[in-house]
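Enquirer: Here it is: the structure, laid out below.
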Amino acid sequence: MKIFFEKRRKTFFTILCLVLAITIKVISFFPEWVEKYYSNGVYIYISKILRFSLGWLPFSIGDLLYLLLIGYLIYQMIKLVKNFRKLFNPKNIKRAFVKILFIGLIVYVVFYGFWGLNYSRIGISGQLNLDNQNYSVQDLDTLVALLQKKLNTNASLLTPAMRDSFRRNRQLFDGATRAYQLASRQYPFLKYKVRSVKPSVFSYLFNYTGYQGYYNPFTGEAQVNTTIPQCVEPFVASHEIAHQLGYAKESEANFVGYLVGSKHPSVNFRYSVYFDMYNYSIGELYYADSAKAKNYNGALHPQVIKDIDDYRAFYERYKNPVEPLLKWIYSHFLMFNNQPSGMESYSEVTRWLIAYYKKYGKEAI
């Protein structure tokens, strides 16, 4: 009798997860509904509860969960090797398939229920009424000129003492939180309460994968790789907080990071934001007109040139054969989640920046 009810319970739970997964998928086809009832409704409470529950801890629970998962997978692989003969038993194959399907359903429901539905929201285009349609080379050239001017200006104000002030993670994360507090005065939808930004225990490992941070939707924590060059740390922290606020697409998280950081009273933050935005935009211009791009690069402040060289040298040290594979996998994950350009979607922030200055004027950049 106990076995009978156990099977019935598992069957019921499996059917429930399947129904929820289908429901979530159907809802994702209606961006207006997602924006109104999920991103600006249910998700706000989910994210706040997660941040309130775990944000006070000085270490990342999400990192620990992934470590446990890695350990569990290694354990299962060892068991598989030891029982290799049993692997080809039809009953075992069926049991393993059902187990993987069941776990996959749970992960899908939790991931998209806790955060992933934000991939289907209207997002920043609706909140700011921006038209991010195709742009011309002239539009891009104008953007690069504006960003270069801002970048050079902030480079001339940046001192080693200012940069060193962010060596402590707490000051870095305090600065990112303050950026959102200030930005919310102009953009109420960027209000950020109950901080949960932490250094990742995977930081050094991330250097080999090219990742600068990540958001854990299962715990609501934003993890920052605190071993990357200091010139990009403030922007990365702002980018990950944008994910916490429900901006799932990478181009939008980049743009939100720009919105909050470009007006920050800290030169460190402003410089970091314009450093990233310039690099994305000059990369796009290089594909369109390499001669113009080279001219802009040749007129950069010496500090900017040094930071670009240091940044490239940093990742050159960590190059390895596995990195392209991991980026390929993540790129296809992004494609599956409404970002057809994959990894290139990061640089699509240039569309938002162009749409922004066209609506609010060049001085807004």
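Going by the structure tokens order, chains are called A, B, ..., each with residues numbered from 1, while ligands are numbered from 1 in the order shown.
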Compile the contact shell of region 284-295 of chain A as a list in words: residues with an atom at most 8 Å away, counting only C-alpha atoms, same-chain residues fewer than 3 positions apart removed.

Expert: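 Counting only C-alpha atoms, the residues come to Val137, Leu140, Asp141, Val144, Tyr280, Ser281, Gly298, Ala299 and Ser347 of chain A.
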
Enquirer: Fewer than 6 positions away in the same chain doesn't count, so skip those; otherwise give me all residues within 10 Å of Asn337 (chain A), counting only C-alpha atoms, as a ChimeraX atom specification.

Expert: /A:116-120,248-249,331

Enquirer: Would you mind exporting N, CA and C atoms of the selected residues as a PDB file, in the first residue's frame?

Expert:
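Final output, again-v9.pdb:
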ATOM      1  N   GLY A 116      13.091  33.351 -15.109  1.00  0.00           N
ATOM      2  CA  GLY A 116      13.267  33.212 -16.553  1.00  0.00           C
ATOM      3  C   GLY A 116      12.172  33.794 -17.421  1.00  0.00           C
ATOM      4  N   LEU A 117      10.953  33.938 -16.885  1.00  0.00           N
ATOM      5  CA  LEU A 117       9.882  34.536 -17.685  1.00  0.00           C
ATOM      6  C   LEU A 117      10.208  35.975 -18.085  1.00  0.00           C
ATOM      7  N   ASN A 118      11.147  36.588 -17.358  1.00  0.00           N
ATOM      8  CA  ASN A 118      11.556  37.954 -17.705  1.00  0.00           C
ATOM      9  C   ASN A 118      12.195  38.033 -19.083  1.00  0.00           C
ATOM     10  N   TYR A 119      12.639  36.915 -19.630  1.00  0.00           N
ATOM     11  CA  TYR A 119      13.168  36.914 -20.993  1.00  0.00           C
ATOM     12  C   TYR A 119      12.079  37.290 -22.000  1.00  0.00           C
ATOM     13  N   SER A 120      10.831  37.145 -21.592  1.00  0.00           N
ATOM     14  CA  SER A 120       9.713  37.379 -22.513  1.00  0.00           C
ATOM     15  C   SER A 120       8.970  38.679 -22.254  1.00  0.00           C
ATOM     16  N   ALA A 248      16.306  40.465 -17.877  1.00  0.00           N
ATOM     17  CA  ALA A 248      16.985  39.203 -18.154  1.00  0.00           C
ATOM     18  C   ALA A 248      17.880  39.259 -19.388  1.00  0.00           C
ATOM     19  N   LYS A 249      17.439  39.955 -20.422  1.00  0.00           N
ATOM     20  CA  LYS A 249      18.232  40.022 -21.652  1.00  0.00           C
ATOM     21  C   LYS A 249      19.513  40.808 -21.403  1.00  0.00           C
ATOM     22  N   SER A 331      25.916  30.772 -25.568  1.00  0.00           N
ATOM     23  CA  SER A 331      25.365  31.515 -26.688  1.00  0.00           C
ATOM     24  C   SER A 331      24.053  30.893 -27.154  1.00  0.00           C
TER      25      SER A 331
END

Enquirer: What's the 12 Å shell around region 121-130 of chain A, counting only C-alpha atoms, without same-chain residues fewer than 2 positions away, as number ranges by chain?

Expert: A: 27-41, 43, 115-119, 132-133, 186-190, 242-243, 245-257, 259, 337-338, 349, 351-360

Enquirer: Could the residues in this selection be saved with C-alpha atoms as a compact mmCIF listing (two decimals), in the first residue's frame?

Expert:
# COMPACT_ATOMS: atom_id res chain seq x y z
CA ILE A 27 2.45 32.67 -20.95
CA SER A 28 5.84 33.50 -22.49
CA PHE A 29 4.10 34.15 -25.83
CA PHE A 30 2.30 37.15 -24.32
CA PRO A 31 4.91 39.87 -23.49
CA GLU A 32 2.30 42.40 -22.33
CA TRP A 33 0.91 39.93 -19.81
CA VAL A 34 4.40 38.98 -18.64
CA GLU A 35 5.35 42.64 -18.21
CA LYS A 36 2.25 43.61 -16.28
CA TYR A 37 1.52 40.59 -14.10
CA TYR A 38 4.87 38.83 -13.79
CA SER A 39 7.78 41.28 -14.15
CA ASN A 40 5.92 44.11 -12.39
CA GLY A 41 3.88 41.83 -10.20
CA TYR A 43 8.45 38.57 -9.73
CA TRP A 115 13.05 34.58 -13.00
CA GLY A 116 13.27 33.21 -16.55
CA LEU A 117 9.88 34.54 -17.69
CA ASN A 118 11.56 37.95 -17.71
CA TYR A 119 13.17 36.91 -20.99
CA ASN A 132 15.62 50.42 -31.01
CA GLN A 133 15.20 49.68 -34.70
CA GLN A 186 14.36 59.62 -12.26
CA TYR A 187 13.36 56.06 -13.10
CA PRO A 188 11.11 54.67 -10.31
CA PHE A 189 11.10 51.23 -11.93
CA LEU A 190 14.82 50.92 -11.03
CA ALA A 242 19.86 44.80 -13.35
CA HIS A 243 19.30 41.06 -13.71
CA LEU A 245 15.45 43.64 -11.07
CA GLY A 246 14.14 41.43 -13.84
CA TYR A 247 16.07 42.65 -16.89
CA ALA A 248 16.99 39.20 -18.15
CA LYS A 249 18.23 40.02 -21.65
CA GLU A 250 21.92 40.90 -21.70
CA SER A 251 21.56 43.99 -23.88
CA GLU A 252 18.92 45.39 -21.51
CA ALA A 253 20.98 44.60 -18.40
CA ASN A 254 23.88 46.42 -20.06
CA PHE A 255 21.69 49.41 -20.83
CA VAL A 256 20.26 49.56 -17.31
CA GLY A 257 23.83 49.36 -15.99
CA LEU A 259 21.55 54.31 -17.01
CA ASN A 337 15.72 32.70 -24.55
CA ASN A 338 14.69 35.35 -27.07
CA VAL A 349 23.30 47.69 -26.11
CA ARG A 351 20.88 49.98 -30.22
CA TRP A 352 19.51 51.16 -26.89
CA LEU A 353 22.13 53.88 -26.57
CA ILE A 354 21.38 55.24 -30.04
CA ALA A 355 17.63 55.12 -29.42
CA TYR A 356 18.22 56.88 -26.10
CA TYR A 357 20.19 59.83 -27.48
CA LYS A 358 17.78 60.16 -30.42
CA LYS A 359 14.89 60.57 -27.98
CA TYR A 360 16.53 62.54 -25.17

Enquirer: Rank A:Phe102, A:Phe206, A:Tyr45, A:Phe13 by their smallest atom-to-atom distance to Lys327 (chain A), using only C-alpha atoms, and report the top residue only.

Expert: A:Phe206

Enquirer: Using DSSP on the backbone coordinates, identify all residues within region 185-308 of chain A classified as strand (DSSP E); present the result as a PyMOL selection string.

Expert: chain A and resi 197-199+213-216+221-224

Enquirer: Write a file of the selected residues as a compact mmCIF listing (two decimals), in the first residue's frame, keeping N, CA and C atoms.

Expert:
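Okay, result.txt is ready:
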# COMPACT_ATOMS: atom_id res chain seq x y z
N VAL A 197 24.33 41.30 -3.32
CA VAL A 197 25.42 41.25 -4.29
C VAL A 197 26.65 40.72 -3.57
N LYS A 198 27.29 39.70 -4.14
CA LYS A 198 28.38 39.03 -3.43
C LYS A 198 29.51 38.64 -4.38
N PRO A 199 30.72 38.52 -3.84
CA PRO A 199 31.82 38.00 -4.67
C PRO A 199 31.62 36.50 -4.87
N GLY A 213 30.57 37.60 -14.10
CA GLY A 213 29.60 37.54 -13.03
C GLY A 213 28.39 36.77 -13.50
N TYR A 214 27.46 36.53 -12.59
CA TYR A 214 26.23 35.86 -12.98
C TYR A 214 25.15 36.08 -11.93
N TYR A 215 23.90 35.94 -12.35
CA TYR A 215 22.78 36.04 -11.43
C TYR A 215 22.23 34.64 -11.20
N ASN A 216 22.02 34.30 -9.94
CA ASN A 216 21.47 32.98 -9.60
C ASN A 216 19.98 33.12 -9.33
N GLU A 221 20.66 35.83 -5.73
CA GLU A 221 21.93 36.50 -5.47
C GLU A 221 22.62 36.91 -6.78
N ALA A 222 23.25 38.07 -6.74
CA ALA A 222 24.07 38.53 -7.87
C ALA A 222 25.52 38.28 -7.51
N GLN A 223 26.21 37.49 -8.30
CA GLN A 223 27.62 37.18 -8.05
C GLN A 223 28.52 37.97 -8.99
N VAL A 224 29.59 38.53 -8.43
CA VAL A 224 30.54 39.30 -9.23
C VAL A 224 31.92 38.65 -9.14

Enquirer: Just to confirm, what's the straight-line distance from CA of Gln171 (chain A) to CA of Asn225 (chain A) in Å (one decimal)?

Expert: 14.9 Å

Enquirer: Pick the closest to Leu67 (chain A) from A:Phe202, A:Ser165, A:Tyr208, A:Gln181: which is it, counting only C-alpha atoms?

Expert: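 Closest residue, counting only C-alpha atoms: A:Phe202.
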
Enquirer: Give me every helix (DSSP H, G or I) residue in region 46-277 of chain A, going by DSSP on the backbone, as a count of residues only.

Expert: 157

Enquirer: Using only C-alpha atoms, determine which residues lie at most 7 Å from Asn207 (chain A), disregarding the query and same-chain residues fewer than 4 positions distant; provide the list as a list in words.

Expert: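 In the requested format, the answer is Ser203, Tyr211 and Tyr318 of chain A.
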
Enquirer: List the neighbours of Lys149 (chain A) out to 10 Å using only C-alpha atoms; skip same-chain residues closer than 6 positions along the sequence, and give me the result as a ChimeraX atom specification.

Expert: /A:155,274,278,299-301

Enquirer: With C-alpha atoms retained, write the just-selected residues as a compact mmCIF listing (two decimals), in the first residue's frame.

Expert:
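Just written: part11.txt:
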# COMPACT_ATOMS: atom_id res chain seq x y z
CA ALA A 155 39.79 59.24 -17.42
CA TYR A 274 31.76 54.54 -20.38
CA TYR A 278 32.75 52.56 -25.64
CA ALA A 299 42.59 59.69 -29.79
CA LEU A 300 41.91 57.97 -26.47
CA HIS A 301 43.27 59.21 -23.15

Enquirer: Pick out the closest residue to Tyr258 (chain A) from this set: A:Lys150, A:Arg167, A:Lys99, A:Arg270. Count only C-alpha atoms.

Expert: A:Arg270

Enquirer: Residues at most 12 Å from Leu326 (chain A), counting only C-alpha atoms, excluding those fewer than 3 positions away in the same chain, as a list in words?

Expert: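 The residues satisfying every condition are Phe206, Tyr208, Thr209, Gly210, Tyr211, Asn320, Pro321, Val322, Glu323, Ile329, Tyr330, Ser331, His332, Phe333 and Met343 of chain A.
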
Enquirer: Restrict the selected residues to C-alpha atoms and save them as an mmCIF file, in the first residue's frame.

Expert:
data_model
loop_
_atom_site.group_PDB
_atom_site.id
_atom_site.type_symbol
_atom_site.label_atom_id
_atom_site.label_comp_id
_atom_site.auth_asym_id
_atom_site.auth_seq_id
_atom_site.Cartn_x
_atom_site.Cartn_y
_atom_site.Cartn_z
ATOM 1 C CA PHE A 206 35.464 32.294 -14.254
ATOM 2 C CA TYR A 208 39.136 30.706 -17.676
ATOM 3 C CA THR A 209 35.572 30.830 -18.981
ATOM 4 C CA GLY A 210 35.447 34.559 -19.710
ATOM 5 C CA TYR A 211 32.549 35.182 -17.300
ATOM 6 C CA ASN A 320 42.244 27.789 -22.986
ATOM 7 C CA PRO A 321 40.585 25.271 -25.336
ATOM 8 C CA VAL A 322 37.476 24.871 -23.143
ATOM 9 C CA GLU A 323 36.425 28.537 -23.163
ATOM 10 C CA ILE A 329 26.838 26.562 -25.054
ATOM 11 C CA TYR A 330 25.909 29.821 -23.338
ATOM 12 C CA SER A 331 25.365 31.515 -26.688
ATOM 13 C CA HIS A 332 22.792 28.881 -27.631
ATOM 14 C CA PHE A 333 21.168 29.237 -24.212
ATOM 15 C CA MET A 343 26.744 36.125 -27.140
#
